[in-house]
Amino acid sequence: MRRLFPVTDLTPADHEHEGEWSLDALADAYAYPEQDGPWLRANMVSTLDGAAQHDGRSQPISCESDMRIFGTLRGLADVVLAGAETVRLEGYRPARAREAFAARRAAAGQGPAPAIAVVSGSLDLDFSLPLFTEPLVPTLVLTGAGAPPARIEEARRAGAEVVIAGEGSRVDPARAVRELADRGLERLLTEGGPRMLGQFVAAGVLDELCLTLSPMLTAGDAQRIAGGPSVAVPERFALASMLEEAGFLFTRYRRI
């Protein structure tokens, strides 16, 4: 990893001397706040012209350090939420245990790796994939009460834990957060996609956004980091920290 330099440093917990950031230092900088109840953070990347993807994937607009922070955020989370489309496009696999975070997770009472929670109303998922058949901890599937019963049963046969988090065929974002918190999963991380993040934003349940601004321009009609329904009044977030490397900005915003 090349050097990361603090550009804006707003909290003592985020401070680190100039030099290379180890995984341990990044884990300190991105630690979840001490609080009662769930905390939902999102991790996304965007180009200068607002594209969250290129050719349907985020990897082309990312970089090595962005992926290092991506891994750190996973290493701190109880559960990682992803929409069904993102699972299909990005080829999601089970989260793995990483030695670098083992002691920190044990001290926090966490398991060896975060669970993956797939949000899907239709359950149009391939349950033969390793995400469902070979996870270190069981994969969760969040769906609505109106989901096809046969697909619910297939998910359960594959070893997934099905969580009903909405009426009809849709998942209610606020209820999804509550259902996960009721299972002791309070450090929540969503990696998208844009449609799902937009639903969390519209429901007013997003607490923190970790946004990498990529120094690239793509044009085209790629999605923004959040899509779907709009909010009546834009919600203000405060800058908590910002790092820079090779033109990439690694920002962290928290709800005011």
# chains A, B, ... in the order shown; residues from 1 in each chain; ligands from 1

$ residues_around --residues "Arg57 (chain A)" --least-positions-apart "6" --cutoff "9 Å" --atoms "only C-alpha atoms" --output "list of chain:residue names"
A:Thr86, A:Leu89, A:Glu90

$ closest_atom_pairs --of "region 5-103 of chain A" --to "region 178-184 of chain A" --cutoff "12 Å" --atoms "only C-alpha atoms" --output "tab-separated table"
residue	atom	partner	partner_atom	distance
A:Asp36	CA	A:Ala181	CA	10.5
A:Gly37	CA	A:Ala181	CA	7.2
A:Pro38	CA	A:Ala181	CA	5.9
A:Trp39	CA	A:Ala181	CA	9.2
A:Leu40	CA	A:Ala181	CA	10.4
A:Ala77	CA	A:Gly184	CA	11.7
A:Asp78	CA	A:Gly184	CA	8.4
A:Val79	CA	A:Leu180	CA	8.3
A:Val80	CA	A:Leu180	CA	10.6
A:Leu81	CA	A:Leu180	CA	10.2

$ residues_around --residues "Ala155 (chain A)" --least-positions-apart "3" --cutoff "12 Å" --atoms "only C-alpha atoms" --output "PyMOL selection string"
chain A and resi 118+120+122-129+131-133+138-143+147-152+158-163

$ atom_distance --atom1 "CA of Ala25 (chain A)" --atom2 "CA of Tyr92 (chain A)"
26.7 Å

$ closest_residue --among "A:Glu167, A:Glu235, A:Glu134, A:Asp28" --to "Ile69 (chain A)" --atoms "only C-alpha atoms"
A:Asp28

$ select_by_dssp --residues "region 75-244 of chain A" --states "strand (DSSP E)" --output "PyMOL selection string"
chain A and resi 79-83+115-119+140-143+161-164+187-190+208-214+237-244

$ write_last_selection --atoms "N, CA and C atoms" --output "short mmCIF file (atom, residue, chain, number, x, y, z; two decimals), in the first residue's frame"
data_model
loop_
_atom_site.label_atom_id
_atom_site.label_comp_id
_atom_site.auth_asym_id
_atom_site.auth_seq_id
_atom_site.Cartn_x
_atom_site.Cartn_y
_atom_site.Cartn_z
N VAL A 79 -22.19 -7.73 9.92
CA VAL A 79 -22.91 -8.24 8.76
C VAL A 79 -22.73 -7.27 7.59
N VAL A 80 -22.61 -7.83 6.40
CA VAL A 80 -22.48 -7.06 5.17
C VAL A 80 -23.74 -7.25 4.34
N LEU A 81 -24.43 -6.15 4.02
CA LEU A 81 -25.66 -6.23 3.23
C LEU A 81 -25.37 -5.92 1.77
N ALA A 82 -25.99 -6.68 0.89
CA ALA A 82 -25.83 -6.45 -0.54
C ALA A 82 -27.13 -6.81 -1.25
N GLY A 83 -27.48 -6.03 -2.24
CA GLY A 83 -28.66 -6.33 -3.04
C GLY A 83 -28.40 -7.50 -3.97
N ALA A 115 -21.21 -12.00 8.59
CA ALA A 115 -22.20 -12.69 7.76
C ALA A 115 -22.49 -11.82 6.54
N ILE A 116 -22.87 -12.45 5.45
CA ILE A 116 -23.37 -11.73 4.27
C ILE A 116 -24.89 -11.82 4.30
N ALA A 117 -25.56 -10.68 4.13
CA ALA A 117 -27.02 -10.65 4.09
C ALA A 117 -27.44 -10.14 2.71
N VAL A 118 -28.11 -10.99 1.96
CA VAL A 118 -28.55 -10.64 0.61
C VAL A 118 -30.00 -10.16 0.68
N VAL A 119 -30.24 -8.98 0.14
CA VAL A 119 -31.59 -8.40 0.15
C VAL A 119 -32.24 -8.69 -1.20
N LEU A 140 -27.39 -14.86 5.26
CA LEU A 140 -28.78 -14.49 5.51
C LEU A 140 -29.41 -14.00 4.21
N VAL A 141 -30.68 -14.24 4.07
CA VAL A 141 -31.45 -13.72 2.95
C VAL A 141 -32.60 -12.92 3.51
N LEU A 142 -32.62 -11.62 3.25
CA LEU A 142 -33.69 -10.75 3.71
C LEU A 142 -34.70 -10.60 2.59
N THR A 143 -35.95 -10.89 2.89
CA THR A 143 -36.99 -10.83 1.87
C THR A 143 -38.30 -10.41 2.51
N GLU A 161 -30.13 -18.53 6.16
CA GLU A 161 -31.15 -18.14 7.14
C GLU A 161 -32.04 -17.10 6.50
N VAL A 162 -33.32 -17.40 6.35
CA VAL A 162 -34.26 -16.48 5.72
C VAL A 162 -34.85 -15.56 6.78
N VAL A 163 -34.77 -14.26 6.54
CA VAL A 163 -35.27 -13.26 7.47
C VAL A 163 -36.39 -12.48 6.78
N ILE A 164 -37.58 -12.54 7.32
CA ILE A 164 -38.71 -11.79 6.76
C ILE A 164 -38.63 -10.36 7.30
N ARG A 187 -23.39 -3.92 13.99
CA ARG A 187 -22.40 -3.18 13.17
C ARG A 187 -22.69 -3.57 11.72
N LEU A 188 -23.46 -2.73 11.06
CA LEU A 188 -23.98 -3.04 9.73
C LEU A 188 -23.18 -2.30 8.66
N LEU A 189 -22.90 -3.00 7.57
CA LEU A 189 -22.19 -2.41 6.43
C LEU A 189 -22.93 -2.78 5.16
N THR A 190 -23.30 -1.78 4.36
CA THR A 190 -23.89 -2.06 3.06
C THR A 190 -22.91 -1.65 1.98
N GLU A 208 -23.91 6.49 8.29
CA GLU A 208 -22.56 6.88 7.87
C GLU A 208 -22.32 6.45 6.43
N LEU A 209 -21.62 7.30 5.68
CA LEU A 209 -21.23 6.98 4.31
C LEU A 209 -19.72 7.07 4.18
N CYS A 210 -19.09 5.96 3.81
CA CYS A 210 -17.67 5.94 3.47
C CYS A 210 -17.59 5.97 1.94
N LEU A 211 -17.18 7.10 1.41
CA LEU A 211 -17.21 7.32 -0.04
C LEU A 211 -15.82 7.57 -0.58
N THR A 212 -15.41 6.74 -1.52
CA THR A 212 -14.17 6.96 -2.23
C THR A 212 -14.48 7.75 -3.50
N LEU A 213 -13.82 8.89 -3.64
CA LEU A 213 -13.97 9.69 -4.86
C LEU A 213 -12.80 9.36 -5.78
N SER A 214 -13.12 8.75 -6.90
CA SER A 214 -12.11 8.28 -7.85
C SER A 214 -11.78 9.39 -8.85
N PHE A 237 -25.19 15.55 6.05
CA PHE A 237 -24.21 14.74 6.75
C PHE A 237 -22.97 15.60 7.01
N ALA A 238 -22.21 15.25 8.03
CA ALA A 238 -21.00 15.99 8.38
C ALA A 238 -19.76 15.19 8.03
N LEU A 239 -18.74 15.87 7.52
CA LEU A 239 -17.48 15.21 7.20
C LEU A 239 -16.78 14.80 8.49
N ALA A 240 -16.48 13.51 8.62
CA ALA A 240 -15.80 13.00 9.81
C ALA A 240 -14.31 12.84 9.58
N SER A 241 -13.91 12.41 8.38
CA SER A 241 -12.49 12.29 8.07
C SER A 241 -12.30 12.19 6.57
N MET A 242 -11.08 12.50 6.12
CA MET A 242 -10.77 12.38 4.71
C MET A 242 -9.28 12.09 4.54
N LEU A 243 -8.97 11.14 3.66
CA LEU A 243 -7.60 10.78 3.34
C LEU A 243 -7.42 10.95 1.84
N GLU A 244 -6.17 11.13 1.41
CA GLU A 244 -5.88 11.28 -0.01
C GLU A 244 -4.68 10.45 -0.40
#

$ closest_residue --among "A:Met44, A:Met196, A:Ala51, A:Leu26" --to "Ala219 (chain A)" --atoms "only C-alpha atoms"
A:Ala51

$ residues_around --residues "Ala226 (chain A)" --least-positions-apart "2" --cutoff "12 Å" --atoms "only C-alpha atoms" --output "JSON, numbers by chain"
{"A": [42, 43, 44, 45, 46, 50, 51, 52, 53, 190, 191, 192, 193, 194, 195, 196, 197, 198, 199, 200, 201, 202, 206, 209, 211, 222, 223, 224, 228, 229, 230, 231]}

$ closest_residue --among "A:Arg88, A:Ala31, A:Thr47, A:Ser22" --to "Ile61 (chain A)" --atoms "only C-alpha atoms"
A:Thr47

$ closest_residue --among "A:Gly109, A:Glu34, A:Arg41, A:Glu64" --to "Val177 (chain A)" --atoms "only C-alpha atoms"
A:Arg41

$ atom_distance --atom1 "CA of Arg98 (chain A)" --atom2 "CA of Leu23 (chain A)"
10.9 Å

$ select_by_dssp --residues "region 4-223 of chain A" --states "helix (DSSP H, G or I)" --output "MDAnalysis selection string"
chainID A and resid 12:14 23:29 59:61 64:76 84:90 99:107 130:133 149:157 173:182 194:203

$ atom_distance --atom1 "CA of Val171 (chain A)" --atom2 "CA of Phe70 (chain A)"
25.2 Å

$ residues_around --residues "Gly166 (chain A)" --least-positions-apart "5" --cutoff "8 Å" --atoms "only C-alpha atoms" --output "PyMOL selection string"
chain A and resi 143-145+171-172+175-176

$ closest_residue --among "A:Leu185, A:Ala174, A:Ile256, A:Ala95" --to "Gln110 (chain A)" --atoms "only C-alpha atoms"
A:Leu185
